[in-house]
$ cat my_file.cif   # mmCIF, C-alpha atoms
data_protein
loop_
_atom_site.label_atom_id
_atom_site.label_comp_id
_atom_site.auth_asym_id
_atom_site.auth_seq_id
_atom_site.Cartn_x
_atom_site.Cartn_y
_atom_site.Cartn_z
CA MET A 27 -152.97 -138.81 32.56
CA HIS A 28 -153.72 -137.48 35.98
CA LYS A 29 -152.91 -134.77 38.47
CA SER A 30 -153.50 -136.64 41.72
CA ASN A 31 -154.47 -140.09 42.98
CA SER A 32 -158.20 -139.34 43.10
CA ILE A 33 -161.01 -138.91 40.57
CA GLU A 34 -161.72 -135.57 42.25
CA ALA A 35 -158.82 -133.96 40.33
CA ASP A 36 -158.12 -133.69 36.60
CA TYR A 37 -157.51 -137.01 34.83
CA LEU A 38 -158.21 -138.93 31.63
CA ALA A 39 -158.38 -142.75 31.68
CA VAL A 40 -159.26 -145.41 29.10
CA ALA A 41 -160.22 -149.00 29.92
CA ILE A 42 -161.84 -152.07 28.43
CA ARG A 43 -164.96 -152.68 30.48
CA ALA A 44 -167.29 -155.59 29.69
CA GLY A 45 -165.61 -155.88 26.28
CA ARG A 46 -166.25 -152.24 25.34
CA VAL A 47 -163.94 -149.22 25.32
CA GLN A 48 -164.76 -146.78 28.09
CA VAL A 49 -163.19 -143.37 28.70
CA SER A 50 -163.47 -141.56 32.01
CA LEU A 51 -162.38 -138.02 32.69
CA ASN A 52 -162.62 -135.13 35.06
CA LEU A 53 -161.63 -131.63 34.02
CA GLY A 54 -161.53 -130.58 37.66
CA LYS A 55 -165.15 -129.57 38.16
CA GLU A 56 -166.92 -132.94 38.42
CA ILE A 57 -167.78 -134.39 41.80
CA PRO A 58 -167.17 -138.14 42.38
CA THR A 59 -170.85 -139.02 41.83
CA ASP A 60 -170.95 -137.10 38.52
CA ILE A 61 -167.76 -138.21 36.73
CA VAL A 62 -167.90 -138.30 32.92
CA PHE A 63 -167.89 -141.81 31.40
CA LEU A 64 -168.12 -142.44 27.65
CA SER A 65 -168.85 -146.07 26.73
CA SER A 66 -168.71 -147.58 23.25
CA SER A 67 -171.21 -150.15 22.06
CA VAL A 68 -168.55 -151.93 19.94
CA ASN A 69 -167.08 -155.18 21.32
CA VAL A 70 -163.27 -154.92 21.12
CA THR A 71 -162.42 -158.28 22.71
CA ASP A 72 -163.08 -160.32 19.55
CA GLY A 73 -159.43 -160.85 18.53
CA ASP A 74 -159.58 -158.32 15.68
CA TRP A 75 -157.78 -154.97 15.46
CA HIS A 76 -159.85 -151.90 16.37
CA THR A 77 -159.42 -148.15 16.07
CA LEU A 78 -160.21 -145.86 18.99
CA MET A 79 -160.47 -142.11 18.56
CA PHE A 80 -161.02 -139.82 21.50
CA GLN A 81 -161.39 -136.09 20.98
CA ARG A 82 -161.98 -133.33 23.45
CA ALA A 83 -162.69 -129.65 22.84
CA ASN A 84 -163.49 -127.50 25.84
CA ARG A 85 -166.33 -129.30 27.70
CA GLN A 86 -167.23 -131.72 24.89
CA SER A 87 -165.66 -135.18 24.74
CA GLN A 88 -166.22 -137.66 21.93
CA LEU A 89 -165.44 -141.37 21.61
CA ILE A 90 -165.46 -143.17 18.24
CA VAL A 91 -164.58 -146.86 17.82
CA ASP A 92 -163.82 -148.30 14.37
CA HIS A 93 -164.97 -145.09 12.65
CA LYS A 94 -168.57 -146.21 13.23
CA LEU A 95 -171.69 -144.66 14.58
CA PRO A 96 -172.91 -144.15 17.15
CA VAL A 97 -170.43 -141.55 18.25
CA VAL A 98 -170.56 -141.18 22.02
CA THR A 99 -170.50 -137.56 23.18
CA GLU A 100 -170.59 -136.17 26.71
CA LEU A 101 -170.24 -132.73 28.28
CA SER A 102 -168.13 -131.97 31.33
CA ALA A 103 -169.44 -129.76 34.12
CA PRO A 104 -169.88 -126.04 33.38
CA GLY A 105 -166.66 -124.12 33.96
CA ALA A 106 -164.48 -127.11 33.06
CA THR A 107 -162.58 -126.61 29.81
CA HIS A 108 -158.97 -127.70 30.39
CA LEU A 109 -157.34 -131.01 31.25
CA ASP A 110 -154.63 -130.03 33.73
CA THR A 111 -152.48 -133.10 34.41
CA ASP A 112 -148.86 -133.84 35.30
CA GLY A 113 -148.13 -134.33 31.58
CA HIS A 114 -147.33 -138.04 31.86
CA LEU A 115 -149.17 -140.49 29.63
CA TRP A 116 -149.48 -143.96 31.13
CA ILE A 117 -150.24 -146.67 28.58
CA GLY A 118 -151.35 -150.03 29.89
CA GLY A 119 -151.78 -148.79 33.45
CA SER A 120 -150.25 -146.44 35.96
CA VAL A 121 -148.08 -147.09 38.96
CA HIS A 122 -150.31 -144.55 40.73
CA ARG A 123 -153.79 -145.86 41.47
CA ILE A 124 -156.57 -143.36 40.91
CA HIS A 125 -158.99 -143.92 43.77
CA GLY A 126 -162.64 -144.04 42.79
CA LEU A 127 -162.30 -145.60 39.33
CA PRO A 128 -164.01 -148.94 38.60
CA GLY A 129 -161.95 -152.16 38.65
CA PRO A 130 -161.14 -152.41 34.91
CA TYR A 131 -159.23 -149.14 35.16
CA LEU A 132 -157.02 -150.56 37.90
CA SER A 133 -156.07 -153.94 36.43
CA GLY A 134 -153.86 -152.73 33.57
CA PHE A 135 -154.20 -153.42 29.85
CA HIS A 136 -153.73 -156.85 28.32
CA GLY A 137 -153.64 -156.83 24.53
CA CYS A 138 -151.94 -155.20 21.58
CA ILE A 139 -151.54 -151.53 20.71
CA GLU A 140 -150.26 -150.74 17.24
CA HIS A 141 -149.80 -146.99 17.68
CA VAL A 142 -150.87 -144.02 19.76
CA LYS A 143 -151.32 -140.54 18.36
CA VAL A 144 -151.58 -137.50 20.63
CA ASP A 145 -152.17 -134.04 19.14
CA ASP A 146 -151.32 -135.33 15.64
CA ARG A 147 -148.01 -136.84 16.81
CA ILE A 148 -147.55 -140.61 16.63
CA LEU A 149 -145.72 -141.78 19.74
CA ASP A 150 -142.89 -144.27 19.46
CA LEU A 151 -144.05 -146.73 22.09
CA VAL A 152 -140.51 -148.05 22.59
CA GLU A 153 -138.34 -144.94 22.30
CA ASP A 154 -140.69 -142.52 24.07
CA ARG A 155 -141.25 -144.64 27.16
CA LYS A 156 -139.68 -143.52 30.40
CA VAL A 157 -140.88 -146.14 32.86
CA VAL A 158 -141.71 -149.78 32.35
CA SER A 159 -143.86 -151.32 35.02
CA GLY A 160 -144.86 -154.93 34.50
CA SER A 161 -144.12 -156.92 31.39
CA VAL A 162 -144.04 -155.43 27.91
CA SER A 163 -143.88 -157.68 24.86
CA PHE A 164 -144.44 -157.18 21.17
CA CYS A 165 -147.50 -158.44 19.31
CA GLY A 166 -147.23 -160.05 15.92
CA THR A 167 -147.73 -157.81 12.92
CA ASP A 168 -150.08 -160.27 11.22
CA ARG A 169 -153.32 -158.29 10.86
CA ARG A 170 -156.45 -160.15 9.82
#
$ encode --input "my_file.cif" --output "structure tokens"
Amino acid sequence: MHKSNSIEADYLAVAIRAGRVQVSLNLGKEIPTDIVFLSSSVNVTDGDWHTLMFQRANRQSQLIVDHKLPVVTELSAPGATHLDTDGHLWIGGSVHRIHGLPGPYLSGFHGCIEHVKVDDRILDLVEDRKVVSGSVSFCGTDRR
């Protein structure tokens, strides 16, 4: 989700970086050298299914992977409380590059996503999609 093509405007992005889930966001008040990054300590590139939960309330953001501690919590800059984006949710990557993000955010997602829930609503990843960029295929339902 983003408002412009730069990290200097509101955005929320999730990536796999060095095998760990990382979330980056700007609620419009951060400067490029002070962008919020939340990084999990859980390796998610082991071939198993994992659960990612990201929550945000006002300035506080929280990342939880596999319902385990430690919970990663960060605060956005004072005065920043709302995520003001264009309303589009890009899953797997965006056709619009956000300048200033590290490489893993720009390469797109390779893997399986079982479901996505936003504001207590589970998205239908087939029916709700508007744009398909790149290849989309279905993962097996065999969970270990």
$ residues_around --input "my_file.cif" --residues "region 71-80 of chain A" --least-positions-apart "6" --cutoff "8 Å" --atoms "all atoms listed in the file" --output "list in words"
Gly45, Arg46, Ser87, Gln88, Leu89, Ile90, Val91, Asp92, His93, Arg169 and Arg170 of chain A
$ closest_residue --input "my_file.cif" --among "A:Ser102, A:Asp110, A:Gln81, A:Asp60" --to "Val144 (chain A)" --atoms "only C-alpha atoms"
A:Gln81
$ residues_around --input "my_file.cif" --residues "Ile42 (chain A)" --least-positions-apart "4" --cutoff "12 Å" --atoms "all atoms listed in the file" --output "ChimeraX atom specification"
/A:46-50,64-71,78,118-119,128-137
$ residues_around --input "my_file.cif" --residues "His108 (chain A)" --least-positions-apart "5" --cutoff "9 Å" --atoms "all atoms listed in the file" --output "count of residues only"
6
$ closest_residue --input "my_file.cif" --among "A:Leu51, A:Leu38, A:Leu127, A:Leu95" --to "Gly113 (chain A)" --atoms "all atoms listed in the file"
A:Leu38
$ closest_residue --input "my_file.cif" --among "A:Ile124, A:Ile33, A:Ala103, A:Cys165" --to "Ile139 (chain A)" --atoms "all atoms listed in the file"
A:Cys165
$ atom_distance --input "my_file.cif" --atom1 "CA of Glu153 (chain A)" --atom2 "CA of Arg82 (chain A)"
26.4 Å
$ atom_distance --input "my_file.cif" --atom1 "CA of Lys55 (chain A)" --atom2 "CA of Ile117 (chain A)"
24.6 Å
$ atom_distance --input "my_file.cif" --atom1 "CA of Glu34 (chain A)" --atom2 "CA of Pro58 (chain A)"
6.0 Å
